[in-house]
Amino acid sequence: MTSHQVVPIKVYVAVWAALSILTMTTWQVALIDLGPFNIIAAITIAVVKMLLVVTIFMHVRQADSLTRLYVGAGFLWLVILLGILLCDYLSRSWIPGGQFWPSGPAMIVGG
Amino acid sequence: MEQQFSSAQLGMWAFLLTEIMFFGGMFGAYTVYRSMYPGAFQSTTHYMNVTLGMANTLVLIASSLTMALAVRSAQVDNQKMLRIMIVLTLFFGFVFLGIKGYEYHEKWVEHLIPGPHFEYNVPNYAHQAQILFFLYFAMTGTHALHMVIGAGLLTYLLIKSYKGSFSSHYYTPVEIIGLYWHFVDIVWIFLFPLLYLIGAHLHA
C-alpha cells in the first residue's frame, strides 16, 4: 500500500480548524434575519463542510476513479430524490384553485 | 493487496450510498413539512438547546479529526499513536452521546416528546410543531444509533490493534470504519443547522 500518499498532519488539522470555524459561522449567520437566504446559507455552509470531510478525511481525493464515480452517483441520487419531491410540493399552489395542503383538522390525520 | 484495498473502499461506499438514501428519506420528510409549516418549525428553535447542539457539533468534528489521524498512524506504522487516536475517537463519541442523552432528558422534562403528553406554549402551532419534534427524535435517534454502532466498531479496532493486526501494509479495517465514522459526522453536519437553527434569528 506504499502507493497511498500519507496526508500530512497539518492538512488534517487545517480541515478540522476550517470545520470548527464553519460551525461557528453557521450559528452566527443563523442569528441574522436573511429571509429565504437563511436556509440557503445554512445548506451552503453544510455542503462546504461535507465536501471537506469527503475529499480529505474520507480520502476521496486520492481514491480511484470508480470510487469517485460511486460517491458522485450517491449525491446525484439524493439530489434527484429531494429535487423531484420539491417539484411536487412547491408547485401545488401554482395550479388555480389548488391547495398547497388541505387545511383544517383533516390534515392532522393525513387527510 | 492494493486491489483488495480499493475493492473494500468501493464496497464501503456502496453501503454508505444506501445510508445516504436512508437518511435522505428523513431529510425529504423534513423538507416537505418545513415548507408546509414554516412558522411552526421556526417557533421550535426556542425549545432547542443551541449551546449543547453546537458543542456536540464541535465534539463530533474533533472525533473526525482523531479518526483521520488514527488512519494516518496506521499508514505510518505508529502503533501507539493508532491506539491513542482510536481511544480519543471513542471518548469524543461517548461525550457526544452523553450530551445527546442530557438533551433528550431535557425534552422529556419539558413535555416535548411527541405523544399524549406533548405540551406546546404556542397553541396554534402545537400539532405542527409536534411533527418537527417527531422528526427531531427520529433523525437524531437514528444518528445516535449509528454512533453506538460506530463505538462498537471502534472497540473492535482497538482490540485488533492490541493484537498487532494493523500495519502500513494492512490497515483496511481502520480505513473502512473511518469512512463510516466520517459519514455519521456528515449526517450531523446537516442535522445541526436544520434542527437547531431554523428560527434562531427570531430569538436572537
# chains A, B, ... in the order shown; residues from 1 in each chain; ligands from 1

$ residues_around --residues "region 140-146 of chain B" --least-positions-apart "4" --cutoff "8 Å" --atoms "only C-alpha atoms" --output "ChimeraX atom specification"
/B:97,136,150,184,187-188,191

$ write_last_selection --atoms "C-alpha atoms" --output "tab-separated table (two decimals), in the first residue's frame"
chain	number	residue	atom	x	y	z
B	97	LEU	CA	-23.87	10.52	23.25
B	136	TYR	CA	-36.03	15.55	15.65
B	150	GLY	CA	-19.60	3.14	15.42
B	184	VAL	CA	-22.05	9.78	10.59
B	187	VAL	CA	-25.16	13.49	8.78
B	188	TRP	CA	-24.81	15.56	11.96
B	191	LEU	CA	-28.83	17.90	11.23

$ residues_around --residues "Ser73 (chain B)" --least-positions-apart "2" --cutoff "12 Å" --atoms "only C-alpha atoms" --output "ChimeraX atom specification"
/A:6-9 /B:66-71,75-86,161,166-168,171,174-175

$ residues_around --residues "Thr45 (chain B)" --least-positions-apart "2" --cutoff "6 Å" --atoms "only C-alpha atoms" --output "list in words"
Gln42, Ser43, Tyr47, Met48, Tyr196 and Gly199 of chain B

$ write_last_selection --atoms "N, CA, C and O atoms" --output "PDB file, in the first residue's frame"
ATOM      1  N   GLN B  42     -40.169  27.271  12.730  1.00  0.00           N
ATOM      2  CA  GLN B  42     -39.296  28.318  13.273  1.00  0.00           C
ATOM      3  C   GLN B  42     -39.499  28.471  14.774  1.00  0.00           C
ATOM      4  O   GLN B  42     -38.554  28.745  15.513  1.00  0.00           O
ATOM      5  N   SER B  43     -40.745  28.296  15.227  1.00  0.00           N
ATOM      6  CA  SER B  43     -41.027  28.507  16.648  1.00  0.00           C
ATOM      7  C   SER B  43     -40.362  27.452  17.541  1.00  0.00           C
ATOM      8  O   SER B  43     -40.181  27.669  18.733  1.00  0.00           O
ATOM      9  N   TYR B  47     -37.096  26.065  21.791  1.00  0.00           N
ATOM     10  CA  TYR B  47     -37.056  24.937  22.736  1.00  0.00           C
ATOM     11  C   TYR B  47     -35.838  24.043  22.540  1.00  0.00           C
ATOM     12  O   TYR B  47     -35.702  23.027  23.198  1.00  0.00           O
ATOM     13  N   MET B  48     -34.979  24.429  21.576  1.00  0.00           N
ATOM     14  CA  MET B  48     -33.776  23.636  21.339  1.00  0.00           C
ATOM     15  C   MET B  48     -32.624  24.199  22.167  1.00  0.00           C
ATOM     16  O   MET B  48     -32.526  25.406  22.361  1.00  0.00           O
ATOM     17  N   TYR B 196     -31.633  22.773  14.842  1.00  0.00           N
ATOM     18  CA  TYR B 196     -31.400  23.680  15.975  1.00  0.00           C
ATOM     19  C   TYR B 196     -31.501  25.152  15.605  1.00  0.00           C
ATOM     20  O   TYR B 196     -31.662  25.992  16.490  1.00  0.00           O
ATOM     21  N   GLY B 199     -35.191  28.846  13.413  1.00  0.00           N
ATOM     22  CA  GLY B 199     -35.717  30.188  13.706  1.00  0.00           C
ATOM     23  C   GLY B 199     -34.808  30.952  14.648  1.00  0.00           C
ATOM     24  O   GLY B 199     -35.273  31.781  15.421  1.00  0.00           O
TER      25      GLY B 199
END

$ closest_atom_pairs --of "chain A" --to "chain B" --cutoff "6 Å" --atoms "only C-alpha atoms" --output "JSON lines"
{"residue": "A:Met1", "atom": "CA", "partner": "B:His169", "partner_atom": "CA", "distance": 5.6}
{"residue": "A:Ala30", "atom": "CA", "partner": "B:Ala200", "partner_atom": "CA", "distance": 5.7}
{"residue": "A:Leu31", "atom": "CA", "partner": "B:His201", "partner_atom": "CA", "distance": 4.0}
{"residue": "A:Ile32", "atom": "CA", "partner": "B:His201", "partner_atom": "CA", "distance": 5.2}
{"residue": "A:Asp33", "atom": "CA", "partner": "B:His201", "partner_atom": "CA", "distance": 5.3}
{"residue": "A:Ala46", "atom": "CA", "partner": "B:Phe190", "partner_atom": "CA", "distance": 5.8}
{"residue": "A:Met50", "atom": "CA", "partner": "B:Ile186", "partner_atom": "CA", "distance": 5.8}
{"residue": "A:Phe57", "atom": "CA", "partner": "B:Ala68", "partner_atom": "CA", "distance": 5.7}
{"residue": "A:Met58", "atom": "CA", "partner": "B:Leu179", "partner_atom": "CA", "distance": 5.7}
{"residue": "A:Thr67", "atom": "CA", "partner": "B:Leu10", "partner_atom": "CA", "distance": 5.3}
{"residue": "A:Gly74", "atom": "CA", "partner": "B:Leu17", "partner_atom": "CA", "distance": 5.3}
{"residue": "A:Leu82", "atom": "CA", "partner": "B:Gly28", "partner_atom": "CA", "distance": 5.9}

$ write_last_selection --atoms "all heavy atoms" --output "compact mmCIF listing (two decimals), in the first residue's frame"
# COMPACT_ATOMS: atom_id res chain seq x y z
N MET A 1 0.83 -1.21 0.00
CA MET A 1 0.00 0.00 0.00
C MET A 1 0.86 1.25 0.00
O MET A 1 0.47 2.30 0.46
CB MET A 1 -0.89 0.01 1.23
CG MET A 1 -2.31 0.29 0.87
SD MET A 1 -3.43 -1.08 0.90
CE MET A 1 -3.01 -2.01 2.32
N ALA A 30 -27.11 32.24 11.29
CA ALA A 30 -28.50 31.89 11.60
C ALA A 30 -29.15 32.94 12.51
O ALA A 30 -30.37 33.06 12.54
CB ALA A 30 -28.57 30.52 12.27
N LEU A 31 -28.33 33.72 13.23
CA LEU A 31 -28.88 34.73 14.14
C LEU A 31 -29.34 35.98 13.39
O LEU A 31 -30.07 36.80 13.94
CB LEU A 31 -27.83 35.11 15.20
CG LEU A 31 -27.41 34.00 16.17
CD1 LEU A 31 -26.30 34.49 17.09
CD2 LEU A 31 -28.59 33.50 16.98
N ILE A 32 -28.90 36.13 12.14
CA ILE A 32 -29.28 37.29 11.34
C ILE A 32 -30.49 36.91 10.49
O ILE A 32 -30.54 35.81 9.92
CB ILE A 32 -28.12 37.71 10.41
CG1 ILE A 32 -26.82 37.84 11.20
CG2 ILE A 32 -28.44 39.02 9.70
CD1 ILE A 32 -25.58 37.82 10.31
N ASP A 33 -31.47 37.81 10.41
CA ASP A 33 -32.65 37.53 9.60
C ASP A 33 -32.35 37.83 8.13
O ASP A 33 -32.29 38.98 7.73
CB ASP A 33 -33.84 38.36 10.10
CG ASP A 33 -35.14 37.91 9.44
OD1 ASP A 33 -35.08 37.01 8.58
OD2 ASP A 33 -36.20 38.46 9.80
N ALA A 46 -23.12 23.84 5.14
CA ALA A 46 -23.11 22.40 5.41
C ALA A 46 -22.49 21.63 4.25
O ALA A 46 -21.74 20.68 4.46
CB ALA A 46 -24.52 21.91 5.71
N MET A 50 -19.28 19.28 4.28
CA MET A 50 -19.36 17.90 3.79
C MET A 50 -18.24 17.63 2.79
O MET A 50 -17.57 16.60 2.86
CB MET A 50 -20.73 17.66 3.14
CG MET A 50 -20.86 16.29 2.53
SD MET A 50 -22.31 16.15 1.50
CE MET A 50 -21.75 17.01 0.03
N PHE A 57 -10.83 13.93 4.73
CA PHE A 57 -10.91 12.89 5.77
C PHE A 57 -11.23 11.52 5.17
O PHE A 57 -10.73 10.50 5.64
CB PHE A 57 -11.98 13.25 6.82
CG PHE A 57 -11.53 14.27 7.83
CD1 PHE A 57 -12.43 14.77 8.76
CD2 PHE A 57 -10.23 14.73 7.86
CE1 PHE A 57 -12.03 15.71 9.71
CE2 PHE A 57 -9.82 15.66 8.80
CZ PHE A 57 -10.73 16.16 9.72
N MET A 58 -12.10 11.48 4.16
CA MET A 58 -12.51 10.20 3.59
C MET A 58 -11.67 9.81 2.37
O MET A 58 -11.98 8.81 1.70
CB MET A 58 -14.01 10.22 3.26
CG MET A 58 -14.89 10.42 4.48
SD MET A 58 -16.62 10.67 4.10
CE MET A 58 -17.24 9.00 4.25
N THR A 67 -14.35 4.60 -7.43
CA THR A 67 -14.88 5.04 -6.13
C THR A 67 -15.45 6.46 -6.24
O THR A 67 -16.54 6.74 -5.75
CB THR A 67 -13.76 4.99 -5.07
OG1 THR A 67 -13.22 3.68 -5.03
CG2 THR A 67 -14.29 5.36 -3.69
N GLY A 74 -23.95 8.76 -5.68
CA GLY A 74 -24.73 8.77 -4.45
C GLY A 74 -25.37 10.12 -4.21
O GLY A 74 -26.57 10.22 -3.93
N LEU A 82 -34.64 14.60 -3.52
CA LEU A 82 -35.14 15.83 -2.91
C LEU A 82 -35.68 16.79 -3.98
O LEU A 82 -36.67 17.47 -3.76
CB LEU A 82 -34.03 16.50 -2.10
CG LEU A 82 -33.52 15.69 -0.89
CD1 LEU A 82 -32.37 16.42 -0.21
CD2 LEU A 82 -34.64 15.43 0.11

$ atom_distance --atom1 "CA of Phe75 (chain A)" --atom2 "CA of Asp88 (chain A)"
20.1 Å

$ select_by_dssp --residues "chain A" --states "helix (DSSP H, G or I)" --output "VMD selection string"
chain A and resid 9 to 30 37 to 57 65 to 94 105 to 109

$ atom_distance --atom1 "CA of Ile113 (chain B)" --atom2 "CA of Gly152 (chain B)"
27.9 Å

$ atom_distance --atom1 "CA of Ile45 (chain A)" --atom2 "CA of Thr26 (chain A)"
6.6 Å

$ decode --residues "region 128-146 of chain B" --atoms "C-alpha atoms" --output "short mmCIF file (atom, residue, chain, number, x, y, z; two decimals), in the first residue's frame"
data_model
loop_
_atom_site.label_atom_id
_atom_site.label_comp_id
_atom_site.auth_asym_id
_atom_site.auth_seq_id
_atom_site.Cartn_x
_atom_site.Cartn_y
_atom_site.Cartn_z
CA GLN B 128 -47.44 21.22 13.55
CA ALA B 129 -44.56 21.66 16.00
CA GLN B 130 -45.10 18.09 17.16
CA ILE B 131 -44.15 16.97 13.63
CA LEU B 132 -40.80 18.75 13.99
CA PHE B 133 -40.17 17.07 17.34
CA PHE B 134 -41.12 13.72 15.84
CA LEU B 135 -38.56 14.33 13.07
CA TYR B 136 -36.03 15.55 15.65
CA PHE B 137 -36.23 12.31 17.64
CA ALA B 138 -36.36 10.11 14.53
CA MET B 139 -33.34 11.77 12.91
CA THR B 140 -31.13 12.34 15.98
CA GLY B 141 -32.17 8.92 17.33
CA THR B 142 -31.14 7.14 14.12
CA HIS B 143 -27.95 9.19 14.12
CA ALA B 144 -27.24 8.24 17.77
CA LEU B 145 -27.85 4.56 16.92
CA HIS B 146 -25.21 4.89 14.19
#
